[in-house]
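Notes for the one structure printed next.
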Amino acid sequence: MNGLSRRALLAALGLAGVSRAGAASPLRVATLDWALLETLLALGVVPVAAAELVLYRRQVIEPAVPESVADLGLRGSPSFEALQLLAPDLILGSWCGKKFRPEQVAGRPGWSAIPAVRDGDLHEIKSPII
């Protein structure tokens with residue numbers, strides 16, 4: 001659960017839109033950071049969820065976020081209930097005023113039921129590579 005390199009990030013994002021071996025559906029990605037959201041969208045990967053979409057849509061505008069993307073609430077304290085219901089396979093976070101610490105996310109009571117947490121797919125993407 002360490003920070004990913006640029007190469008690993010691009011590989012993960014590239015794979016996010018591709019079905020996994022033996023799986024019936026593509027990876028379900030959630031992001032807690034707007035720069036990562038923009039990167040995902042630029043690569044043609046539509047996440048299942050992202051944080052603070054009301055404010056994003058008002059301030060950032062482009063790239064547009066499809067209405068199908070669920071809002072996780074605040075970037076610094078995403079909704080556990082929303083993440084649990086959406087069950088993402090991969091959660092990407094980065095510095096956004098509050099350091100993303102995968103081990104703290106994984107250690108929250110009840111979060112182990114979320115596939116990304118259960119499988120150790122919580123990743124911090126360092127700001128310089130976004």
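Residues are referred to by chain and number: the chain letter is A, B, ... according to the order shown in the structure tokens, the number counts from 1 in that chain, and ligands are numbered separately from 1 in the order shown.
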All residues 12 Å or closer to Pro63 (chain A), only C-alpha atoms, same chain fewer than 3 positions away omitted, as number ranges by chain: A: 34-46, 56-60, 66
Selection near Leu92 (chain A), 9 Å with only C-alpha atoms, sequence-local residues under 6 positions removed, as a list in words: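 The contact residues come out as Val29, Ala30, Thr31, Leu32, Asp33, Leu36, Asp121, Leu122, His123, Glu124 and Ile125 of chain A.
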Which residues in region 8-119 of chain A does DSSP call strand (DSSP E or B)? List them as an mmCIF file with N, CA and C atoms, in the first residue's frame.
data_model
loop_
_atom_site.group_PDB
_atom_site.id
_atom_site.type_symbol
_atom_site.label_atom_id
_atom_site.label_comp_id
_atom_site.auth_asym_id
_atom_site.auth_seq_id
_atom_site.Cartn_x
_atom_site.Cartn_y
_atom_site.Cartn_z
ATOM 1 N N SER A 19 -11.644 -5.630 -18.577
ATOM 2 C CA SER A 19 -12.133 -6.698 -17.708
ATOM 3 C C SER A 19 -10.985 -7.497 -17.136
ATOM 4 N N PRO A 26 -15.585 -4.820 -15.605
ATOM 5 C CA PRO A 26 -14.312 -4.100 -15.416
ATOM 6 C C PRO A 26 -14.112 -3.703 -13.951
ATOM 7 N N VAL A 29 -13.475 1.604 -9.953
ATOM 8 C CA VAL A 29 -12.494 2.521 -9.371
ATOM 9 C C VAL A 29 -13.202 3.674 -8.670
ATOM 10 N N ALA A 30 -12.711 4.015 -7.484
ATOM 11 C CA ALA A 30 -13.162 5.214 -6.773
ATOM 12 C C ALA A 30 -11.944 6.086 -6.538
ATOM 13 N N THR A 31 -12.132 7.405 -6.609
ATOM 14 C CA THR A 31 -11.026 8.316 -6.351
ATOM 15 C C THR A 31 -11.452 9.377 -5.348
ATOM 16 N N ALA A 49 -17.125 6.242 -8.395
ATOM 17 C CA ALA A 49 -17.342 7.274 -7.384
ATOM 18 C C ALA A 49 -16.145 8.205 -7.297
ATOM 19 N N ALA A 50 -16.434 9.443 -6.875
ATOM 20 C CA ALA A 50 -15.399 10.442 -6.643
ATOM 21 C C ALA A 50 -15.906 11.381 -5.554
ATOM 22 N N ALA A 70 -20.948 8.379 -8.634
ATOM 23 C CA ALA A 70 -21.515 8.695 -7.315
ATOM 24 C C ALA A 70 -20.607 9.653 -6.556
ATOM 25 N N ASP A 71 -21.206 10.528 -5.771
ATOM 26 C CA ASP A 71 -20.471 11.490 -4.958
ATOM 27 C C ASP A 71 -20.198 10.882 -3.583
ATOM 28 N N LEU A 90 -10.816 -0.729 -6.496
ATOM 29 C CA LEU A 90 -9.586 0.051 -6.398
ATOM 30 C C LEU A 90 -9.953 1.445 -5.902
ATOM 31 N N ILE A 91 -9.245 1.920 -4.873
ATOM 32 C CA ILE A 91 -9.450 3.271 -4.361
ATOM 33 C C ILE A 91 -8.142 4.019 -4.508
ATOM 34 N N LEU A 92 -8.208 5.177 -5.195
ATOM 35 C CA LEU A 92 -7.028 6.011 -5.413
ATOM 36 C C LEU A 92 -7.192 7.318 -4.657
ATOM 37 N N GLY A 93 -6.156 7.700 -3.941
ATOM 38 C CA GLY A 93 -6.176 8.956 -3.212
ATOM 39 C C GLY A 93 -4.851 9.668 -3.370
#
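Using only C-alpha atoms, the shortest contact distance between Lys99 (chain A) and any of A:Val69, A:Leu83, A:Asp119, A:Arg75 is found at A:Arg75.
Closest approach to Phe100 (chain A) among A:Ser77, A:Ser25, A:Leu55, A:Glu67: A:Ser77, based on only C-alpha atoms.
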